[in-house]
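Text of the file upload-v5.cif, holding mmCIF, C-alpha atoms and all ligand atoms:
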```
data_run
loop_
_atom_site.label_atom_id
_atom_site.label_comp_id
_atom_site.auth_asym_id
_atom_site.auth_seq_id
_atom_site.Cartn_x
_atom_site.Cartn_y
_atom_site.Cartn_z
CA MET W 1 -13.56 2.74 4.75
CA LYS W 2 -11.81 -0.52 3.93
CA PHE W 3 -8.05 -0.98 3.59
CA LEU W 4 -6.80 -4.22 2.05
CA PHE W 5 -3.09 -4.97 2.07
CA ILE W 6 -1.53 -7.35 -0.45
CA THR W 7 1.54 -8.50 1.43
CA ILE W 8 3.72 -11.51 2.15
CA PHE W 9 3.91 -10.27 5.76
CA PRO W 10 0.26 -10.01 6.87
CA GLU W 11 1.19 -10.26 10.56
CA GLN W 12 3.10 -6.97 10.27
CA ILE W 13 -0.10 -5.20 9.19
CA VAL W 14 -2.38 -6.80 11.77
CA GLN W 15 0.16 -6.10 14.51
CA ALA W 16 0.80 -2.46 13.58
CA ALA W 17 -2.89 -1.61 13.12
CA GLY W 18 -3.87 -3.41 16.34
CA HIS W 19 -3.24 -0.57 18.78
CA SER W 20 -4.58 2.76 19.88
CA ILE W 21 -6.70 4.80 17.47
CA LEU W 22 -6.57 2.39 14.52
CA GLN W 23 -7.67 -0.50 16.73
CA ARG W 24 -10.50 1.57 18.21
CA ALA W 25 -11.59 2.64 14.72
CA GLN W 26 -11.72 -1.03 13.69
CA ASP W 27 -13.67 -1.98 16.81
CA ALA W 28 -16.15 0.82 16.07
CA GLY W 29 -16.56 -0.38 12.47
CA LEU W 30 -15.26 2.92 11.09
CA ILE W 31 -12.41 1.24 9.22
CA GLU W 32 -11.76 -2.34 8.20
CA ILE W 33 -8.29 -3.78 7.71
CA SER W 34 -7.65 -7.05 5.88
CA THR W 35 -4.81 -8.77 4.04
CA ILE W 36 -4.24 -11.05 1.07
CA ASN W 37 -0.99 -13.00 0.77
CA PRO W 38 0.40 -13.40 -2.77
CA ARG W 39 2.04 -16.66 -1.62
CA ASP W 40 -1.45 -18.17 -1.54
CA PHE W 41 -1.53 -17.72 -5.33
CA THR W 42 1.72 -19.56 -6.11
CA THR W 43 1.79 -22.98 -7.70
CA ASP W 44 5.31 -24.26 -6.89
CA ASN W 45 6.39 -26.21 -3.82
CA HIS W 46 8.45 -23.31 -2.46
CA ARG W 47 5.57 -20.84 -2.82
CA SER W 48 8.06 -18.43 -4.36
CA VAL W 49 6.96 -14.91 -5.23
CA ASP W 50 10.26 -13.52 -6.56
CA ASP W 51 12.73 -14.29 -9.34
CA THR W 52 16.00 -12.96 -10.81
CA PRO W 53 15.76 -9.87 -13.04
CA PHE W 54 15.97 -10.16 -16.83
CA GLY W 55 19.12 -8.35 -17.99
CA GLY W 56 21.00 -9.24 -14.79
CA GLY W 57 21.70 -7.19 -11.70
CA ALA W 58 21.59 -7.67 -7.97
CA GLY W 59 18.48 -8.65 -6.03
CA MET W 60 15.22 -10.26 -6.91
CA VAL W 61 12.05 -8.99 -8.56
CA PHE W 62 8.45 -9.67 -7.50
CA LYS W 63 6.93 -12.04 -10.09
CA PRO W 64 3.78 -10.79 -11.83
CA ALA W 65 1.57 -13.90 -11.59
CA PRO W 66 1.05 -14.20 -7.79
CA LEU W 67 0.70 -10.43 -7.39
CA VAL W 68 -1.81 -10.01 -10.20
CA ALA W 69 -3.81 -12.99 -8.89
CA ALA W 70 -3.79 -11.35 -5.45
CA ILE W 71 -4.91 -8.00 -6.92
CA ARG W 72 -7.76 -9.78 -8.76
CA ALA W 73 -8.86 -11.45 -5.52
CA ALA W 74 -8.67 -8.10 -3.72
CA LYS W 75 -10.77 -6.43 -6.43
CA GLU W 76 -13.37 -9.15 -6.04
CA LYS W 77 -13.62 -8.27 -2.35
CA LEU W 78 -13.51 -4.50 -2.91
CA PRO W 79 -14.64 -3.86 -6.49
CA LEU W 80 -14.63 -0.05 -6.24
CA ALA W 81 -11.28 0.26 -4.46
CA ARG W 82 -8.37 2.34 -5.69
CA VAL W 83 -5.23 0.19 -6.14
CA ILE W 84 -2.05 1.79 -4.84
CA ALA W 85 1.39 0.22 -5.26
CA LEU W 86 3.98 1.39 -2.74
CA SER W 87 7.22 2.31 -4.43
CA PRO W 88 10.02 4.85 -3.88
CA GLY W 89 9.47 5.71 -7.55
CA GLY W 90 5.88 6.84 -6.99
CA ARG W 91 4.26 10.23 -6.39
CA THR W 92 5.37 11.56 -3.01
CA LEU W 93 2.65 11.50 -0.37
CA ASN W 94 1.56 14.79 1.15
CA GLN W 95 -1.33 15.99 3.27
CA LYS W 96 -3.38 17.06 0.25
CA MET W 97 -3.16 13.55 -1.24
CA VAL W 98 -4.17 12.14 2.15
CA GLN W 99 -7.20 14.43 2.33
CA ASP W 100 -8.17 13.65 -1.27
CA LEU W 101 -7.99 9.89 -0.59
CA ALA W 102 -10.12 10.28 2.54
CA GLY W 103 -12.55 12.66 0.81
CA ALA W 104 -13.04 10.33 -2.16
CA GLY W 105 -14.26 7.70 0.30
CA ARG W 106 -13.10 4.85 -1.98
CA ASP W 107 -11.71 1.74 -0.33
CA LEU W 108 -7.96 1.25 -0.81
CA ILE W 109 -5.98 -1.79 -1.91
CA PHE W 110 -2.25 -1.54 -1.20
CA VAL W 111 0.27 -3.60 -3.15
CA CYS W 112 3.31 -3.98 -0.91
CA GLY W 113 6.55 -4.92 -2.62
CA HIS W 114 9.83 -6.34 -1.42
CA TYR W 115 13.16 -7.25 -2.94
CA GLU W 116 14.32 -4.96 -5.77
CA GLY W 117 10.83 -4.03 -6.92
CA PHE W 118 7.92 -5.31 -9.01
CA ASP W 119 7.84 -6.78 -12.46
CA GLU W 120 6.79 -3.67 -14.44
CA ARG W 121 3.77 -5.45 -15.95
CA ILE W 122 1.88 -5.48 -12.64
CA PHE W 123 1.28 -1.74 -13.03
CA HIS W 124 -1.41 -2.54 -15.63
CA TRP W 125 -3.48 -3.59 -12.61
CA VAL W 126 -2.55 -0.59 -10.45
CA ASP W 127 -4.13 2.89 -10.39
CA GLU W 128 -1.20 4.75 -8.87
CA LYS W 129 2.30 4.37 -7.41
CA VAL W 130 2.90 6.24 -4.14
CA SER W 131 6.15 6.93 -2.29
CA ILE W 132 6.24 8.21 1.28
CA GLY W 133 9.52 10.09 0.81
CA ASP W 134 12.91 10.21 -0.83
CA TYR W 135 14.45 7.23 0.90
CA VAL W 136 14.33 3.51 0.28
CA LEU W 137 12.72 1.09 2.72
CA THR W 138 12.85 -2.70 2.85
CA GLY W 139 9.22 -3.06 1.81
CA GLY W 140 5.89 -1.39 1.17
CA GLU W 141 4.13 -2.44 4.39
CA LEU W 142 5.25 0.53 6.51
CA PRO W 143 4.41 3.07 3.76
CA ALA W 144 0.96 1.47 3.30
CA LEU W 145 0.36 1.61 7.06
CA ILE W 146 1.40 5.25 7.09
CA ILE W 147 -1.14 6.08 4.39
CA THR W 148 -3.81 4.13 6.29
CA ASP W 149 -3.04 6.01 9.49
CA ALA W 150 -3.00 9.44 7.84
CA VAL W 151 -6.21 8.79 5.86
CA SER W 152 -8.05 7.28 8.84
CA ARG W 153 -7.60 10.51 10.81
CA PHE W 154 -9.98 12.19 8.35
CA ILE W 155 -12.73 9.59 8.69
CA PRO W 156 -15.45 11.09 10.88
CA GLY W 157 -15.40 9.63 14.38
CA VAL W 158 -11.89 8.16 14.22
CA LEU W 159 -10.22 10.95 16.22
CA GLY W 160 -13.09 11.42 18.64
CA LYS W 161 -15.48 14.32 18.96
CA SER W 162 -13.27 17.10 20.23
CA VAL W 163 -10.33 16.66 17.85
CA SER W 164 -10.39 17.52 14.20
CA ALA W 165 -7.80 16.51 11.62
CA GLU W 166 -8.66 19.70 9.75
CA ASP W 167 -7.21 21.76 12.61
CA ASP W 168 -3.75 20.29 12.68
CA SER W 169 -0.38 21.34 11.38
CA PHE W 170 -0.34 20.67 7.63
CA ALA W 171 -4.05 21.26 7.22
CA SER W 172 -3.35 24.97 7.80
CA GLY W 173 -0.42 24.79 5.41
CA LEU W 174 1.96 25.75 8.23
CA LEU W 175 4.10 23.83 10.71
CA GLU W 176 2.63 23.55 14.17
CA TYR W 177 3.06 26.02 17.01
CA PRO W 178 4.57 24.93 20.35
CA GLN W 179 2.24 23.34 22.91
CA TYR W 180 2.60 23.26 26.69
CA THR W 181 0.83 21.62 29.60
CA ARG W 182 1.27 21.65 33.39
CA PRO W 183 3.46 22.38 35.30
CA ASP W 184 3.88 26.13 34.67
CA VAL W 185 7.61 25.81 35.25
CA PHE W 186 9.59 22.64 34.48
CA GLU W 187 13.30 22.48 35.36
CA GLY W 188 13.44 26.26 35.20
CA LEU W 189 11.65 26.44 31.84
CA ALA W 190 8.44 28.51 32.04
CA VAL W 191 5.33 28.28 29.87
CA PRO W 192 5.03 31.54 27.84
CA GLU W 193 2.96 34.07 29.77
CA VAL W 194 0.55 34.72 26.89
CA LEU W 195 -0.78 31.14 27.08
CA ARG W 196 -1.63 31.51 30.76
CA ASN W 197 -3.59 34.75 30.76
CA GLY W 198 -6.69 33.46 28.94
CA ASP W 199 -6.84 36.15 26.23
CA HIS W 200 -7.94 34.01 23.27
CA GLY W 201 -7.24 36.66 20.65
CA LYS W 202 -3.67 37.07 21.88
CA ILE W 203 -3.20 33.32 22.11
CA ALA W 204 -4.37 32.83 18.50
CA ALA W 205 -2.03 35.59 17.29
CA TRP W 206 0.91 34.13 19.26
CA ARG W 207 0.26 30.66 17.82
CA LEU W 208 0.00 31.95 14.25
CA LYS W 209 3.23 33.90 14.71
CA LYS W 210 5.05 30.81 16.02
CA SER W 211 3.67 28.68 13.17
CA LEU W 212 4.79 31.23 10.59
CA LEU W 213 8.27 31.49 12.11
CA ALA W 214 8.71 27.69 12.32
CA THR W 215 7.58 27.34 8.70
CA TYR W 216 9.85 30.22 7.61
CA HIS W 217 12.87 28.54 9.22
CA LEU W 218 12.24 24.91 8.28
CA ARG W 219 9.85 24.73 5.31
CA ARG W 220 9.91 28.01 3.40
CA ASP W 221 8.51 26.11 0.40
CA LEU W 222 5.15 25.91 2.22
CA LEU W 223 4.80 29.71 2.39
CA SER W 224 3.41 31.93 -0.34
CA ASP W 225 5.56 34.73 -1.78
CA GLU W 226 3.18 37.17 -0.08
CA GLN W 227 3.71 35.55 3.34
CA ILE W 228 7.50 35.57 2.87
CA GLY W 229 7.29 39.21 1.80
CA MET W 230 5.37 40.15 4.94
CA ILE W 231 7.76 38.22 7.18
CA GLU W 232 10.72 39.95 5.53
CA GLY W 233 9.25 43.41 5.59
CA THR W 234 6.94 44.36 2.71
CA LEU W 235 3.64 45.33 4.27
CA HIS W 236 0.61 46.35 2.28
CA PRO W 237 0.11 50.17 2.59
CA LYS W 238 -3.60 49.64 3.27
CA MET W 239 -3.07 47.02 5.98
CA CYS W 240 -5.03 47.68 9.19
CA LYS W 241 -3.26 48.65 12.39
CA THR W 242 -3.74 45.31 14.17
CA GLN W 243 -2.36 43.35 11.22
CA ARG W 244 0.55 45.72 10.81
CA ARG W 245 1.38 45.26 14.50
CA PHE W 246 1.20 41.48 14.09
CA TRP W 247 3.74 41.41 11.26
CA GLU W 248 5.99 43.98 12.95
CA ASP W 249 6.03 41.89 16.15
CA LEU W 250 6.84 38.82 14.11
CA ARG W 251 9.69 40.60 12.38
CA GLN W 252 11.05 41.81 15.70
CA GLU W 253 11.02 38.26 17.01
CA LEU W 254 12.84 37.10 13.89
CA ALA W 255 15.48 39.82 14.35
CA GLY W 256 15.85 38.80 18.01
CA GLU W 257 16.40 35.19 16.98
CA SER W 258 19.20 36.08 14.56
CA GLU W 259 20.88 38.27 17.22
CA VAL W 260 20.90 35.28 19.57
CA LYS W 261 22.40 33.11 16.78
CA GLU W 262 25.15 35.63 16.06
CA GLU W 263 26.22 35.98 19.69
N1 LIG W 301 9.18 0.93 -0.74
C1 LIG W 301 10.48 1.14 -0.45
N2 LIG W 301 10.72 2.42 -0.17
C2 LIG W 301 9.53 3.09 -0.29
C3 LIG W 301 9.13 4.43 -0.13
N3 LIG W 301 9.99 5.40 0.20
N4 LIG W 301 7.84 4.74 -0.32
C4 LIG W 301 6.95 3.78 -0.68
N5 LIG W 301 7.27 2.49 -0.85
C5 LIG W 301 8.55 2.13 -0.66
#
```
Hey, can you dump this file as structure tokens for me?
Amino acid sequence: MKFLFITIFPEQIVQAAGHSILQRAQDAGLIEISTINPRDFTTDNHRSVDDTPFGGGAGMVFKPAPLVAAIRAAKEKLPLARVIALSPGGRTLNQKMVQDLAGAGRDLIFVCGHYEGFDERIFHWVDEKVSIGDYVLTGGELPALIITDAVSRFIPGVLGKSVSAEDDSFASGLLEYPQYTRPDVFEGLAVPEVLRNGDHGKIAAWRLKKSLLATYHLRRDLLSDEQIGMIEGTLHPKMCKTQRRFWEDLRQELAGESEVKEE
């Protein structure tokens, strides 16, 4: 998959993508990262890409001409690519969008802004505006890199054979469970016994319970009403014994946690 960044700071992209997994993926030919600088499409001596906003106000606005020329050049290189403009006013990125972008397999062109935003007319050349969250950054390069990183994880081969992006936190719809490695005891803190006794069924149940509890505490919006109901005490009358025990254990743990908090 190819990722092309339209940016006045190409070094930032090359630098950030030149390490670790993204670098290895480039070396292996699994992803390709390139840049186009809108300054190369300016005609004035100062190579200026911004101007003051019509109607007044603080800050500068990205001029349409150099950006649209850069988008046209990018489309010539990647004719089938989806064009994404990074903007705090766009649709907020989530794991489903990431998986859809990866699954579609279309190359991506990122339009990275600066200053107070883009001249609105550039959006005629853009497929979609994407935000990475409800906060304002100094430019679109970091958001575009974040999308590239998250999407690349779903490209076969990028994470290596034994790791699958489908297995991780948000892919299950829940926050992740705690992980431990050696030593068994660190500064008096022991690894939970269940993880050391090799019973895979018990380990899976423990992990699911921890994931559900973490999600219940921090991101209740990710749980279904049915899951919340079961955590809070409404169990299906026909539920099998093992499942009933699972939810009862979970509820006990939840009650234990609130006792600790109240102490
Ligand atoms: N540019 C500035 N802030 C941004 C954000 N939160 N997401 C995407 N692009 C941005």
Closest pair table for chain W residues within 10 Å of ligand LIG 301 (chain W), only C-alpha atoms and all ligand atoms, as a tab-separated table:
```
residue	atom	partner	partner_atom	distance
W:Ala85	CA	W:LIG301	N5	7.7
W:Leu86	CA	W:LIG301	N5	4.0
W:Ser87	CA	W:LIG301	N5	3.6
W:Pro88	CA	W:LIG301	C3	3.9
W:Gly89	CA	W:LIG301	N4	7.5
W:Gly90	CA	W:LIG301	C4	7.1
W:Arg91	CA	W:LIG301	N4	8.9
W:Thr92	CA	W:LIG301	N4	7.7
W:Leu93	CA	W:LIG301	N4	8.5
W:Val111	CA	W:LIG301	N5	9.6
W:Cys112	CA	W:LIG301	N5	7.6
W:Gly113	CA	W:LIG301	N1	6.7
W:His114	CA	W:LIG301	N1	7.3
W:Tyr115	CA	W:LIG301	C1	9.2
W:Glu116	CA	W:LIG301	C1	9.0
W:Gly117	CA	W:LIG301	N1	8.1
W:Lys129	CA	W:LIG301	C4	8.2
W:Val130	CA	W:LIG301	C4	5.9
W:Ser131	CA	W:LIG301	N4	3.4
W:Ile132	CA	W:LIG301	N4	4.1
W:Gly133	CA	W:LIG301	N3	4.8
W:Asp134	CA	W:LIG301	N3	5.7
W:Tyr135	CA	W:LIG301	N3	4.9
W:Val136	CA	W:LIG301	N2	3.8
W:Leu137	CA	W:LIG301	N2	3.8
W:Thr138	CA	W:LIG301	C1	5.6
W:Gly139	CA	W:LIG301	N1	4.7
W:Gly140	CA	W:LIG301	N1	4.5
W:Glu141	CA	W:LIG301	N5	7.8
W:Leu142	CA	W:LIG301	N5	7.9
W:Pro143	CA	W:LIG301	C4	5.2
W:Ala144	CA	W:LIG301	C4	7.6
W:Ile146	CA	W:LIG301	C4	9.7
W:Ile147	CA	W:LIG301	C4	9.8
```
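CA of Phe62 in chain W is found 26.6 Å from CA of Arg106 in chain W.
Candidate residues W:Glu120, W:Glu187, W:Glu248, W:Glu176 were compared for distance to Leu218 in chain W, and the nearest is W:Glu176, using only C-alpha atoms.
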Atom pair CA of Val49 in chain W / CA of Val61 in chain W: separation (Å): 8.5 Å
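Nearest to Ala28 in chain W of all the residues W:Leu4, W:Val83, W:Leu159, W:Ile71 is W:Leu159, counting all atoms listed in the file.
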Long-range neighbours of Val158 in chain W as a VMD selection string, 10 Å cut-off, all atoms listed in the file, 2 positions minimum in chain: chain W and resid 21 to 26 28 to 31 152 to 156 160 to 161 163 to 165
CA of Met239 in chain W to CA of Asn197 in chain W, straight-line distance in Å: 27.7 Å
